[in-house]
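Next up, structure_24.txt (compact mmCIF, C-alpha atoms):
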# COMPACT_ATOMS: atom_id res chain seq x y z
CA MET A 1 10.92 -16.11 -18.97
CA LYS A 2 11.12 -13.08 -21.17
CA VAL A 3 12.22 -10.03 -19.16
CA SER A 4 11.76 -6.27 -19.60
CA THR A 5 13.49 -3.57 -17.58
CA PHE A 6 13.01 0.09 -16.70
CA ASP A 7 16.02 1.85 -15.14
CA LEU A 8 16.34 5.12 -13.28
CA ASN A 9 18.86 7.23 -11.37
CA ASP A 10 21.80 5.88 -13.40
CA PHE A 11 21.21 2.27 -12.41
CA GLU A 12 23.70 0.94 -14.96
CA LYS A 13 26.48 3.23 -13.73
CA ALA A 14 25.84 2.44 -10.06
CA ALA A 15 25.34 -1.32 -10.30
CA ASP A 16 27.90 -4.09 -10.72
CA PRO A 17 27.13 -5.80 -14.06
CA LEU A 18 28.19 -9.20 -12.68
CA LEU A 19 25.66 -9.05 -9.85
CA VAL A 20 22.92 -7.67 -12.10
CA GLY A 21 23.76 -10.44 -14.57
CA GLU A 22 23.23 -13.08 -11.88
CA VAL A 23 19.71 -11.81 -11.22
CA MET A 24 18.81 -11.34 -14.88
CA SER A 25 20.00 -14.83 -15.81
CA VAL A 26 18.07 -16.46 -12.96
CA LEU A 27 14.93 -14.65 -14.15
CA SER A 28 15.50 -15.53 -17.82
CA ALA A 29 15.93 -19.21 -16.98
CA MET A 30 12.86 -19.38 -14.75
CA PRO A 31 9.77 -21.26 -15.97
CA LEU A 32 6.35 -19.64 -15.66
CA TYR A 33 4.74 -20.71 -12.37
CA VAL A 34 0.97 -21.12 -12.52
CA LYS A 35 -1.81 -22.39 -10.28
CA LYS A 36 -5.56 -22.76 -10.60
CA SER A 37 -7.53 -19.74 -9.42
CA ASP A 38 -10.08 -19.97 -6.64
CA GLN A 39 -11.38 -16.40 -7.05
CA ALA A 40 -14.93 -15.69 -8.18
CA GLY A 41 -15.16 -15.10 -11.93
CA LYS A 42 -12.01 -17.03 -12.77
CA GLN A 43 -12.36 -20.26 -10.79
CA GLY A 44 -10.22 -23.07 -12.20
CA ARG A 45 -8.42 -20.84 -14.69
CA LEU A 46 -4.62 -20.80 -14.77
CA ILE A 47 -3.16 -17.73 -13.08
CA PHE A 48 0.32 -16.55 -12.13
CA ASP A 49 1.54 -18.37 -9.00
CA PRO A 50 3.51 -15.98 -6.73
CA VAL A 51 4.29 -18.65 -4.12
CA GLY A 52 5.90 -20.95 -6.69
CA ALA A 53 7.82 -18.11 -8.36
CA ASN A 54 9.08 -16.79 -5.01
CA ALA A 55 10.25 -20.23 -3.88
CA HIS A 56 12.08 -20.74 -7.20
CA LEU A 57 13.87 -17.37 -6.98
CA GLU A 58 14.81 -17.94 -3.36
CA LYS A 59 16.40 -21.29 -4.18
CA LYS A 60 18.32 -19.98 -7.19
CA LEU A 61 19.57 -16.75 -5.59
CA ILE A 62 20.64 -18.43 -2.35
CA ARG A 63 22.64 -20.91 -4.47
CA ARG A 64 24.43 -17.86 -5.99
CA LYS A 65 25.21 -16.65 -2.44
CA TRP A 66 22.60 -13.91 -2.21
CA ALA A 67 21.49 -13.32 1.39
CA SER A 68 17.73 -13.75 1.83
CA LYS A 69 15.32 -12.09 4.30
CA VAL A 70 17.97 -9.51 5.14
CA PRO A 71 16.87 -7.87 8.43
CA ILE A 72 16.34 -4.10 8.58
CA PRO A 73 17.74 -2.46 11.76
CA LYS A 74 15.12 -2.13 14.51
CA ALA A 75 15.00 1.70 14.38
CA GLN A 76 14.10 1.67 10.68
CA GLN A 77 11.39 -0.97 10.56
CA ALA A 78 8.41 1.37 9.99
CA LEU A 79 7.90 0.00 6.47
CA GLY A 80 8.80 -3.63 7.12
CA THR A 81 11.28 -5.82 8.96
CA ASP A 82 13.37 -7.32 6.14
CA VAL A 83 14.28 -7.08 2.46
CA ASP A 84 14.01 -10.08 0.14
CA PHE A 85 17.60 -10.55 -1.15
CA GLY A 86 20.95 -8.78 -1.01
CA LYS A 87 24.57 -9.16 -2.09
CA SER A 88 27.41 -6.58 -1.90
CA GLY A 89 25.16 -3.52 -1.80
CA HIS A 90 22.72 -4.86 -4.40
CA LEU A 91 19.17 -5.31 -3.18
CA VAL A 92 16.45 -7.40 -4.82
CA GLU A 93 12.75 -7.23 -3.93
CA VAL A 94 10.25 -9.60 -5.52
CA GLN A 95 6.81 -8.01 -5.57
CA PHE A 96 3.88 -10.08 -6.86
CA SER A 97 1.56 -8.97 -4.03
CA ASN A 98 -1.12 -6.28 -3.80
CA TYR A 99 -0.21 -3.13 -5.70
CA PRO A 100 0.32 -0.70 -2.77
CA PHE A 101 3.31 -2.76 -1.62
CA PHE A 102 5.36 -1.69 -4.64
CA LEU A 103 5.44 1.88 -3.35
CA ASN A 104 6.38 0.54 0.08
CA ASN A 105 9.36 -1.32 -1.47
CA VAL A 106 10.54 1.67 -3.51
CA ILE A 107 10.26 4.21 -0.70
CA ARG A 108 11.74 1.91 1.95
CA THR A 109 14.68 1.17 -0.34
CA ASN A 110 15.14 4.86 -1.04
CA VAL A 111 15.19 5.78 2.66
CA LEU A 112 17.68 2.99 3.50
CA PHE A 113 19.82 4.21 0.56
CA ALA A 114 19.61 7.87 1.67
CA ASN A 115 20.42 6.92 5.27
CA LYS A 116 23.41 4.79 4.14
CA THR A 117 22.05 2.06 6.40
CA GLU A 118 24.37 -0.94 6.88
CA LEU A 119 22.42 -4.13 6.17
CA ASP A 120 23.54 -7.48 7.53
CA GLY A 121 25.49 -9.50 4.98
CA MET A 122 25.10 -7.02 2.13
CA GLY A 123 26.29 -3.62 3.42
CA ARG A 124 24.94 -0.26 2.22
CA ILE A 125 22.57 -0.20 -0.74
CA VAL A 126 24.23 0.98 -3.97
CA ALA A 127 21.56 -0.23 -6.40
CA ALA A 128 18.22 -1.99 -6.21
CA MET A 129 16.12 -4.26 -8.42
CA ILE A 130 12.40 -4.90 -7.99
CA VAL A 131 10.96 -7.92 -9.80
CA THR A 132 7.34 -7.74 -10.99
CA LYS A 133 5.14 -9.62 -13.50
CA ALA A 134 3.59 -8.18 -16.66
CA LYS A 135 -0.08 -7.23 -16.86
CA LEU A 136 -0.85 -9.86 -19.48
CA PHE A 137 -0.57 -12.73 -17.01
CA GLU A 138 -3.88 -13.58 -15.39
CA ALA A 139 -3.32 -13.16 -11.66
CA SER A 140 -5.09 -12.70 -8.34
CA ASN A 141 -7.19 -9.54 -8.12
CA SER A 142 -5.40 -6.26 -7.31
CA THR A 143 -1.90 -7.70 -7.58
CA LEU A 144 0.83 -5.43 -8.87
CA TYR A 145 1.85 -5.57 -12.53
CA TYR A 146 4.94 -4.22 -14.30
CA GLU A 147 3.24 -1.53 -16.38
CA GLN A 148 1.67 -0.07 -13.24
CA ALA A 149 5.00 -0.21 -11.41
CA MET A 150 6.64 1.70 -14.28
CA GLU A 151 3.92 4.34 -14.25
CA GLN A 152 4.31 4.84 -10.49
CA THR A 153 8.08 4.98 -10.78
CA ARG A 154 7.89 7.63 -13.52
CA PHE A 155 5.60 9.69 -11.30
CA LEU A 156 8.09 9.52 -8.41
CA VAL A 157 11.01 10.46 -10.64
CA GLY A 158 9.09 13.48 -11.93
CA GLY A 159 8.55 14.54 -8.33
CA LYS A 160 12.24 14.04 -7.45
CA THR A 161 11.14 11.83 -4.56
CA VAL A 162 13.44 8.90 -5.29
CA ALA A 163 17.24 8.97 -5.62
CA VAL A 164 18.22 5.30 -5.37
CA PRO A 165 19.59 3.72 -8.58
CA LEU A 166 16.73 1.38 -9.44
CA ARG A 167 15.80 -1.22 -12.03
CA VAL A 168 12.17 -2.30 -12.25
CA ILE A 169 12.06 -5.74 -13.86
CA GLY A 170 8.99 -7.19 -15.54
CA LEU A 171 8.52 -10.89 -16.22
CA MET A 172 6.97 -10.97 -19.69
CA ALA A 173 5.72 -13.18 -22.51
CA ASP A 174 4.79 -12.77 -26.15
CA ARG A 175 1.12 -13.30 -26.98
CA GLY A 176 0.41 -16.58 -28.75
CA THR A 177 3.69 -18.18 -27.64
CA THR A 178 4.07 -21.31 -25.56
CA ILE A 179 6.08 -21.18 -22.31
CA SER A 180 7.56 -23.95 -20.17
CA SER A 181 5.59 -23.80 -16.97
CA ILE A 182 5.18 -25.45 -13.62
CA LEU A 183 1.65 -25.99 -12.39
CA THR A 184 1.50 -26.32 -8.61
CA HIS A 185 -1.43 -27.85 -6.78
CA TYR A 186 -1.67 -26.50 -3.24
CA HIS A 187 -3.30 -28.12 -0.23
CA THR A 188 -6.09 -25.51 -0.16
CA PRO A 189 -6.74 -23.50 -3.28
CA ARG A 190 -6.30 -19.90 -2.22
CA TYR A 191 -3.82 -19.17 0.56
CA SER A 192 -1.96 -22.42 1.17
CA ARG A 193 1.79 -22.71 0.69
CA THR A 194 1.71 -26.46 1.17
CA VAL A 195 2.51 -28.06 -2.17
CA VAL A 196 0.57 -31.24 -2.99
CA HIS A 197 2.29 -31.84 -6.32
CA GLN A 198 3.77 -30.06 -9.31
CA ASP A 199 3.39 -30.78 -13.04
CA ARG A 200 5.69 -29.56 -15.79
CA ILE A 201 3.33 -28.28 -18.49
CA GLN A 202 3.32 -26.03 -21.56
CA VAL A 203 1.22 -22.88 -21.33
CA GLN A 204 0.10 -20.77 -24.27
CA VAL A 205 -0.38 -17.07 -23.51
CA GLY A 206 -3.56 -16.30 -25.47
CA ASP A 207 -4.13 -16.92 -29.17
CA GLU A 208 -2.14 -15.20 -31.89
CA ASP A 209 -5.21 -13.17 -32.76
CA SER A 210 -6.18 -12.34 -29.17
CA HIS A 211 -6.33 -8.67 -28.38
CA LEU A 212 -7.41 -9.08 -24.77
CA GLU A 213 -5.33 -7.13 -22.26
CA ARG A 214 -5.19 -10.32 -20.21
CA PRO A 215 -5.39 -13.30 -22.57
CA LEU A 216 -6.25 -16.74 -21.20
CA LEU A 217 -3.33 -18.89 -20.05
CA LYS A 218 -4.08 -22.25 -21.67
CA GLN A 219 -2.42 -25.59 -21.00
CA VAL A 220 -1.40 -27.05 -24.40
CA MET B 1 -13.37 13.73 19.27
CA LYS B 2 -10.07 14.23 20.98
CA VAL B 3 -7.34 14.98 18.42
CA SER B 4 -3.55 14.55 18.41
CA THR B 5 -1.17 15.92 15.79
CA PHE B 6 2.34 15.28 14.49
CA ASP B 7 3.83 18.02 12.27
CA LEU B 8 6.81 18.03 9.96
CA ASN B 9 8.59 20.21 7.41
CA ASP B 10 7.51 23.43 9.15
CA PHE B 11 3.81 22.74 8.78
CA GLU B 12 2.83 25.59 11.11
CA LYS B 13 4.89 28.13 9.17
CA ALA B 14 3.59 26.98 5.78
CA ALA B 15 -0.09 26.55 6.61
CA ASP B 16 -2.80 29.18 7.04
CA PRO B 17 -4.01 28.93 10.67
CA LEU B 18 -7.57 29.81 9.65
CA LEU B 19 -7.82 26.89 7.23
CA VAL B 20 -6.11 24.49 9.62
CA GLY B 21 -8.50 25.72 12.31
CA GLU B 22 -11.49 24.83 10.13
CA VAL B 23 -10.28 21.24 9.81
CA MET B 24 -9.31 20.88 13.46
CA SER B 25 -12.63 22.24 14.70
CA VAL B 26 -14.62 19.93 12.40
CA LEU B 27 -12.65 16.97 13.78
CA SER B 28 -12.99 18.09 17.40
CA ALA B 29 -16.77 18.43 17.03
CA MET B 30 -17.21 15.07 15.32
CA PRO B 31 -18.88 12.21 17.24
CA LEU B 32 -17.29 8.76 17.21
CA TYR B 33 -18.79 6.71 14.37
CA VAL B 34 -19.14 3.01 15.14
CA LYS B 35 -20.67 -0.05 13.54
CA LYS B 36 -20.96 -3.72 14.44
CA SER B 37 -18.12 -5.86 13.15
CA ASP B 38 -18.71 -8.80 10.85
CA GLN B 39 -15.11 -10.06 10.94
CA ALA B 40 -14.21 -13.41 12.45
CA GLY B 41 -13.09 -13.10 16.06
CA LYS B 42 -14.92 -9.84 16.72
CA GLN B 43 -18.37 -10.44 15.29
CA GLY B 44 -20.99 -8.08 16.73
CA ARG B 45 -18.44 -5.96 18.60
CA LEU B 46 -18.44 -2.19 18.10
CA ILE B 47 -15.65 -1.03 15.82
CA PHE B 48 -14.66 2.27 14.19
CA ASP B 49 -16.91 3.03 11.21
CA PRO B 50 -14.89 4.60 8.37
CA VAL B 51 -17.89 5.03 6.07
CA GLY B 52 -19.85 7.03 8.66
CA ALA B 53 -16.82 9.14 9.62
CA ASN B 54 -15.97 9.87 5.97
CA ALA B 55 -19.55 10.92 5.18
CA HIS B 56 -19.61 13.21 8.23
CA LEU B 57 -16.32 14.91 7.30
CA GLU B 58 -17.40 15.32 3.69
CA LYS B 59 -20.63 17.05 4.73
CA LYS B 60 -18.92 19.37 7.22
CA LEU B 61 -15.97 20.34 5.01
CA ILE B 62 -18.10 20.94 1.93
CA ARG B 63 -20.27 23.23 4.07
CA ARG B 64 -17.07 25.20 4.86
CA LYS B 65 -16.36 25.43 1.10
CA TRP B 66 -13.65 22.80 0.87
CA ALA B 67 -13.56 21.17 -2.59
CA SER B 68 -14.02 17.40 -2.40
CA LYS B 69 -12.70 14.62 -4.68
CA VAL B 70 -10.29 17.11 -6.28
CA PRO B 71 -9.12 15.51 -9.57
CA ILE B 72 -5.40 14.94 -10.15
CA PRO B 73 -4.24 15.84 -13.70
CA LYS B 74 -4.28 12.84 -16.05
CA ALA B 75 -0.47 12.70 -16.47
CA GLN B 76 0.02 12.36 -12.70
CA GLN B 77 -2.53 9.72 -11.79
CA ALA B 78 -0.11 6.85 -11.15
CA LEU B 79 -0.96 6.86 -7.43
CA GLY B 80 -4.65 7.69 -7.70
CA THR B 81 -7.12 9.89 -9.54
CA ASP B 82 -8.21 12.39 -6.88
CA VAL B 83 -7.46 13.81 -3.45
CA ASP B 84 -10.10 13.92 -0.71
CA PHE B 85 -10.42 17.66 0.09
CA GLY B 86 -8.72 20.93 -0.79
CA LYS B 87 -8.99 24.69 -0.21
CA SER B 88 -6.50 27.44 -1.16
CA GLY B 89 -3.46 25.15 -1.38
CA HIS B 90 -4.39 23.15 1.73
CA LEU B 91 -4.98 19.47 1.12
CA VAL B 92 -6.79 17.02 3.41
CA GLU B 93 -6.71 13.24 3.06
CA VAL B 94 -8.80 11.02 5.31
CA GLN B 95 -7.18 7.62 5.65
CA PHE B 96 -9.02 4.93 7.61
CA SER B 97 -8.29 2.21 5.05
CA ASN B 98 -5.63 -0.52 4.84
CA TYR B 99 -2.25 0.63 6.10
CA PRO B 100 -0.27 0.71 2.81
CA PHE B 101 -2.51 3.52 1.53
CA PHE B 102 -1.04 5.97 4.05
CA LEU B 103 2.32 5.83 2.27
CA ASN B 104 0.49 6.27 -1.03
CA ASN B 105 -1.16 9.46 0.31
CA VAL B 106 2.07 10.89 1.72
CA ILE B 107 4.19 10.18 -1.36
CA ARG B 108 1.53 11.29 -3.84
CA THR B 109 1.09 14.54 -1.92
CA ASN B 110 4.85 15.04 -1.83
CA VAL B 111 5.22 14.57 -5.58
CA LEU B 112 2.32 16.92 -6.38
CA PHE B 113 3.92 19.45 -3.99
CA ALA B 114 7.38 19.06 -5.55
CA ASN B 115 5.93 19.34 -9.07
CA LYS B 116 3.95 22.48 -8.10
CA THR B 117 0.95 20.83 -9.73
CA GLU B 118 -2.11 23.09 -10.11
CA LEU B 119 -5.14 21.29 -8.68
CA ASP B 120 -8.66 22.24 -9.71
CA GLY B 121 -10.33 24.57 -7.24
CA MET B 122 -7.47 24.57 -4.72
CA GLY B 123 -4.29 25.51 -6.63
CA ARG B 124 -0.79 24.33 -5.71
CA ILE B 125 -0.28 22.42 -2.50
CA VAL B 126 1.31 24.51 0.25
CA ALA B 127 0.48 22.24 3.20
CA ALA B 128 -1.25 18.91 3.76
CA MET B 129 -3.16 17.19 6.55
CA ILE B 130 -3.82 13.47 6.77
CA VAL B 131 -6.55 12.33 9.17
CA THR B 132 -6.18 8.93 10.83
CA LYS B 133 -7.64 7.15 13.87
CA ALA B 134 -5.76 6.07 16.98
CA LYS B 135 -4.76 2.47 17.59
CA LEU B 136 -6.98 2.11 20.64
CA PHE B 137 -10.18 2.06 18.58
CA GLU B 138 -11.22 -1.43 17.60
CA ALA B 139 -11.34 -1.44 13.80
CA SER B 140 -11.32 -3.70 10.75
CA ASN B 141 -8.21 -5.84 10.42
CA SER B 142 -5.09 -4.23 8.89
CA THR B 143 -6.51 -0.71 8.84
CA LEU B 144 -4.09 2.15 9.39
CA TYR B 145 -3.73 3.70 12.84
CA TYR B 146 -2.20 6.99 13.92
CA GLU B 147 0.78 5.60 15.83
CA GLN B 148 1.81 3.55 12.78
CA ALA B 149 1.39 6.59 10.52
CA MET B 150 3.66 8.61 12.82
CA GLU B 151 6.30 5.88 12.81
CA GLN B 152 6.26 5.70 9.00
CA THR B 153 6.42 9.48 8.72
CA ARG B 154 9.43 9.64 11.05
CA PHE B 155 11.17 7.02 8.92
CA LEU B 156 10.57 9.08 5.75
CA VAL B 157 11.81 12.27 7.38
CA GLY B 158 15.00 10.50 8.49
CA GLY B 159 15.53 9.45 4.89
CA LYS B 160 14.87 12.99 3.59
CA THR B 161 12.28 11.52 1.23
CA VAL B 162 9.44 13.93 2.03
CA ALA B 163 9.53 17.74 1.78
CA VAL B 164 5.85 18.72 1.91
CA PRO B 165 4.72 20.55 5.08
CA LEU B 166 2.55 17.90 6.66
CA ARG B 167 0.36 17.38 9.71
CA VAL B 168 -0.65 13.83 10.60
CA ILE B 169 -3.82 13.99 12.68
CA GLY B 170 -4.99 11.22 14.98
CA LEU B 171 -8.56 10.90 16.21
CA MET B 172 -8.13 9.87 19.86
CA ALA B 173 -9.92 9.09 23.09
CA ASP B 174 -8.99 8.70 26.76
CA ARG B 175 -9.39 5.20 28.18
CA GLY B 176 -12.36 4.81 30.47
CA THR B 177 -14.12 7.90 29.13
CA THR B 178 -17.52 8.01 27.47
CA ILE B 179 -17.87 9.51 23.97
CA SER B 180 -20.94 10.68 22.04
CA SER B 181 -21.21 8.25 19.17
CA ILE B 182 -23.30 7.38 16.18
CA LEU B 183 -23.98 3.70 15.58
CA THR B 184 -24.83 3.01 11.94
CA HIS B 185 -26.57 -0.16 10.80
CA TYR B 186 -25.71 -0.92 7.18
CA HIS B 187 -27.69 -2.96 4.70
CA THR B 188 -25.10 -5.77 4.65
CA PRO B 189 -22.66 -5.98 7.55
CA ARG B 190 -19.26 -5.74 5.92
CA TYR B 191 -18.94 -3.69 2.75
CA SER B 192 -22.28 -1.91 2.34
CA ARG B 193 -22.52 1.87 2.29
CA THR B 194 -26.31 1.76 2.35
CA VAL B 195 -27.45 3.05 5.74
CA VAL B 196 -30.44 1.29 7.26
CA HIS B 197 -30.58 3.48 10.34
CA GLN B 198 -28.44 5.39 12.80
CA ASP B 199 -28.62 5.58 16.61
CA ARG B 200 -27.06 8.23 18.83
CA ILE B 201 -25.41 6.28 21.62
CA GLN B 202 -22.76 6.72 24.32
CA VAL B 203 -19.65 4.58 23.97
CA GLN B 204 -17.15 3.88 26.72
CA VAL B 205 -13.57 3.26 25.53
CA GLY B 206 -12.51 0.41 27.80
CA ASP B 207 -12.58 0.38 31.57
CA GLU B 208 -10.50 2.72 33.70
CA ASP B 209 -8.35 -0.21 34.76
CA SER B 210 -8.03 -1.70 31.27
CA HIS B 211 -4.50 -2.03 30.01
CA LEU B 212 -5.41 -3.61 26.69
CA GLU B 213 -3.85 -1.94 23.65
CA ARG B 214 -7.30 -2.06 22.07
CA PRO B 215 -9.93 -1.88 24.84
CA LEU B 216 -13.53 -2.88 24.11
CA LEU B 217 -15.83 -0.15 22.83
CA LYS B 218 -18.93 -0.60 25.00
CA GLN B 219 -22.34 0.97 24.58
CA VAL B 220 -23.32 2.50 27.97

Let me see the structure of the file written as structure tokens.
Amino acid sequence: MKVSTFDLNDFEKAADPLLVGEVMSVLSAMPLYVKKSDQAGKQGRLIFDPVGANAHLEKKLIRRKWASKVPIPKAQQALGTDVDFGKSGHLVEVQFSNYPFFLNNVIRTNVLFANKTELDGMGRIVAAMIVTKAKLFEASNSTLYYEQAMEQTRFLVGGKTVAVPLRVIGLMADRGTTISSILTHYHTPRYSRTVVHQDRIQVQVGDEDSHLERPLLKQV
Amino acid sequence: MKVSTFDLNDFEKAADPLLVGEVMSVLSAMPLYVKKSDQAGKQGRLIFDPVGANAHLEKKLIRRKWASKVPIPKAQQALGTDVDFGKSGHLVEVQFSNYPFFLNNVIRTNVLFANKTELDGMGRIVAAMIVTKAKLFEASNSTLYYEQAMEQTRFLVGGKTVAVPLRVIGLMADRGTTISSILTHYHTPRYSRTVVHQDRIQVQVGDEDSHLERPLLKQV
């Protein structure tokens, strides 16, 4: 997929370009994961599939020796019990869920960074990456999108509330283009993680002349 | 209602005791607001009623000349467009909603404090209070409770992420006691804010010998 980034607190100075490169290349090579919506008003329409995308990233990052579900020490679990991925001080969170969880990820990461907390299998945080999806992908209601994440991050930086070197990553697409995609059919439409089968398809992100903020994702 | 507090960043030094007293006395004089649950597993049971409690606090604080729904300047709306109540630099948020919104309130307040943002009708933030409810009240699933708010706040303080003088307030009760309550019947059970009618009732918070984390709220 196409990828955009937004860096702060000298991310590029703090981070190891080899480790950042591993993450960026996994994201660039990833197909678009879609599923059919079950929500009122968009039933049957193709929407971004967080379960499929998460499973893909987990497989690819574990293969590159990133630790997954890295536990947070018991005394510091107020904002969650584990982080998604880590390797040599580099933390990756994948956040396709409801929008308030982005702030949770940023602040939790910042506190663990400020506390110099030792995390199992990855050590102290030196830099963090949070993966999001762009607004233009149709998705479940109230899920976080990249543009919103950027706006929140800018607000925090203005308020000097966050010190951790951070890259916010947005999975993107150009309008009117066709993207290699994987359509997953789940056992039950909305919450199931049980895959029934997957089809490799081509998805067009809106028409060339579409000016909708969220163009239709059409199988072509 | 019975009230507990958890202060940080020299709240008592920063805040005006008269203004804090206004808030604390409104909370102490408030009845317990309850409604009948419509959620699976606790259908028909009495649970904490955030809509009734919010409406009560709004009425009482506005009467004491607190500004309500204070707008946040356009450039700083990444984490929301307004704050609940304000008066002479003292901000009050009432947070009975899903738990991730507590962090949103704390961080937003901290950034507005750090930025010395001028808020309409209340000026710059000098101290903030966030009102929550204790865990022992039966409530809608995933709603914030005081003990969780305290734990999150402690985590943030450890990480030096929050500088605003802050009081976290928990609406409380003693187990086995009876509390003056208002039972509101809404037009539709779950999401409606349209009141059909209200009854003054007495509610007992569990039995004396109950050791449940969340004892039954029983009409007596």

With a distance cut-off of 12 Å and only C-alpha atoms, select the neighbouring residues of Thr132 of chain B, excluding the residue or stretch itself and same-chain residues fewer than 3 positions from it, and output the selection as an mmCIF file with C-alpha atoms, in the coordinates of the input.
data_model
loop_
_atom_site.group_PDB
_atom_site.id
_atom_site.type_symbol
_atom_site.label_atom_id
_atom_site.label_comp_id
_atom_site.auth_asym_id
_atom_site.auth_seq_id
_atom_site.Cartn_x
_atom_site.Cartn_y
_atom_site.Cartn_z
ATOM 1 C CA VAL B 3 -7.340 14.980 18.420
ATOM 2 C CA SER B 4 -3.550 14.550 18.410
ATOM 3 C CA THR B 5 -1.170 15.920 15.790
ATOM 4 C CA PHE B 6 2.340 15.280 14.490
ATOM 5 C CA LEU B 27 -12.650 16.970 13.780
ATOM 6 C CA PHE B 48 -14.660 2.270 14.190
ATOM 7 C CA PRO B 50 -14.890 4.600 8.370
ATOM 8 C CA ALA B 53 -16.820 9.140 9.620
ATOM 9 C CA ASN B 54 -15.970 9.870 5.970
ATOM 10 C CA VAL B 92 -6.790 17.020 3.410
ATOM 11 C CA GLU B 93 -6.710 13.240 3.060
ATOM 12 C CA VAL B 94 -8.800 11.020 5.310
ATOM 13 C CA GLN B 95 -7.180 7.620 5.650
ATOM 14 C CA PHE B 96 -9.020 4.930 7.610
ATOM 15 C CA SER B 97 -8.290 2.210 5.050
ATOM 16 C CA ASN B 98 -5.630 -0.520 4.840
ATOM 17 C CA TYR B 99 -2.250 0.630 6.100
ATOM 18 C CA PHE B 101 -2.510 3.520 1.530
ATOM 19 C CA PHE B 102 -1.040 5.970 4.050
ATOM 20 C CA ASN B 105 -1.160 9.460 0.310
ATOM 21 C CA MET B 129 -3.160 17.190 6.550
ATOM 22 C CA LYS B 135 -4.760 2.470 17.590
ATOM 23 C CA LEU B 136 -6.980 2.110 20.640
ATOM 24 C CA PHE B 137 -10.180 2.060 18.580
ATOM 25 C CA ALA B 139 -11.340 -1.440 13.800
ATOM 26 C CA THR B 143 -6.510 -0.710 8.840
ATOM 27 C CA LEU B 144 -4.090 2.150 9.390
ATOM 28 C CA TYR B 145 -3.730 3.700 12.840
ATOM 29 C CA TYR B 146 -2.200 6.990 13.920
ATOM 30 C CA GLU B 147 0.780 5.600 15.830
ATOM 31 C CA GLN B 148 1.810 3.550 12.780
ATOM 32 C CA ALA B 149 1.390 6.590 10.520
ATOM 33 C CA MET B 150 3.660 8.610 12.820
ATOM 34 C CA ARG B 167 0.360 17.380 9.710
ATOM 35 C CA VAL B 168 -0.650 13.830 10.600
ATOM 36 C CA ILE B 169 -3.820 13.990 12.680
ATOM 37 C CA GLY B 170 -4.990 11.220 14.980
ATOM 38 C CA LEU B 171 -8.560 10.900 16.210
ATOM 39 C CA MET B 172 -8.130 9.870 19.860
#

For a quick test of understanding: name the residues of chain A lying within 8 Å of chain B when counting all atoms listed in the file, and present them as an mmCIF file with C-alpha atoms, in the coordinates of the input.
data_model
loop_
_atom_site.group_PDB
_atom_site.id
_atom_site.type_symbol
_atom_site.label_atom_id
_atom_site.label_comp_id
_atom_site.auth_asym_id
_atom_site.auth_seq_id
_atom_site.Cartn_x
_atom_site.Cartn_y
_atom_site.Cartn_z
ATOM 1 C CA GLN A 76 14.100 1.670 10.680
ATOM 2 C CA ALA A 78 8.410 1.370 9.990
ATOM 3 C CA LEU A 79 7.900 0.000 6.470
ATOM 4 C CA PRO A 100 0.320 -0.700 -2.770
ATOM 5 C CA PHE A 101 3.310 -2.760 -1.620
ATOM 6 C CA LEU A 103 5.440 1.880 -3.350
ATOM 7 C CA ASN A 104 6.380 0.540 0.080
ATOM 8 C CA ILE A 107 10.260 4.210 -0.700
ATOM 9 C CA ASN A 110 15.140 4.860 -1.040
ATOM 10 C CA VAL A 111 15.190 5.780 2.660
ATOM 11 C CA LEU A 112 17.680 2.990 3.500
ATOM 12 C CA ALA A 114 19.610 7.870 1.670
ATOM 13 C CA ASN A 115 20.420 6.920 5.270
ATOM 14 C CA GLN A 148 1.670 -0.070 -13.240
ATOM 15 C CA GLU A 151 3.920 4.340 -14.250
ATOM 16 C CA GLN A 152 4.310 4.840 -10.490
ATOM 17 C CA PHE A 155 5.600 9.690 -11.300
ATOM 18 C CA LEU A 156 8.090 9.520 -8.410
ATOM 19 C CA GLY A 158 9.090 13.480 -11.930
ATOM 20 C CA GLY A 159 8.550 14.540 -8.330
ATOM 21 C CA LYS A 160 12.240 14.040 -7.450
ATOM 22 C CA THR A 161 11.140 11.830 -4.560
ATOM 23 C CA VAL A 162 13.440 8.900 -5.290
#

Pick the closest to Leu19 of chain A from A:Ala128, A:Leu217, A:Ile182, A:Ala55: which is it, counting only C-alpha atoms?
A:Ala128

Have a look at atom CA of Arg175 of chain A and atom CA of Asp207 of chain A and let me know their distance in Å, one decimal.
6.7 Å

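The shortest atom-to-atom distance to Ile72 of chain B, with only C-alpha atoms taken into account, belongs to B:Leu119 out of B:Val34, B:Val106, B:Leu91, B:Leu119.
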
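Taking atom CA of Phe85 of chain A and atom CA of Leu46 of chain A as endpoints, the distance between them is 28.0 Å.
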
Separating atom CA of Arg193 of chain A from atom CA of Asn141 of chain B, to the nearest tenth of an Å, is a gap of 21.9 Å

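Proximity of A:Met24, A:Glu118, A:Ile179, A:Leu32 to Val70 of chain A, computed with all atoms listed in the file, is greatest for A:Glu118.
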
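Residue nearest Pro31 of chain B within the list B:Asp49, B:Asp84, B:Asp16, B:Asp174: B:Asp49 [criterion: smallest interatomic distance, only C-alpha atoms].
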
Give me the residues near Gln219 of chain B as number ranges by chain, where near means some atom within 7 Å (using all atoms listed in the file) and where sequence neighbours in that chain fewer than 3 positions away do not count.
B: 201-204

Close residues, Thr188 of chain A itself excluded, 12 Å, all atoms listed in the file, min 5 positions apart in chain, as a compact mmCIF listing (two decimals) with C-alpha atoms, keeping the file's coordinate frame:
# COMPACT_ATOMS: atom_id res chain seq x y z
CA LYS A 35 -1.81 -22.39 -10.28
CA LYS A 36 -5.56 -22.76 -10.60
CA SER A 37 -7.53 -19.74 -9.42
CA ASP A 38 -10.08 -19.97 -6.64
CA ARG A 193 1.79 -22.71 0.69
CA THR A 194 1.71 -26.46 1.17
CA VAL A 195 2.51 -28.06 -2.17
CA VAL A 196 0.57 -31.24 -2.99
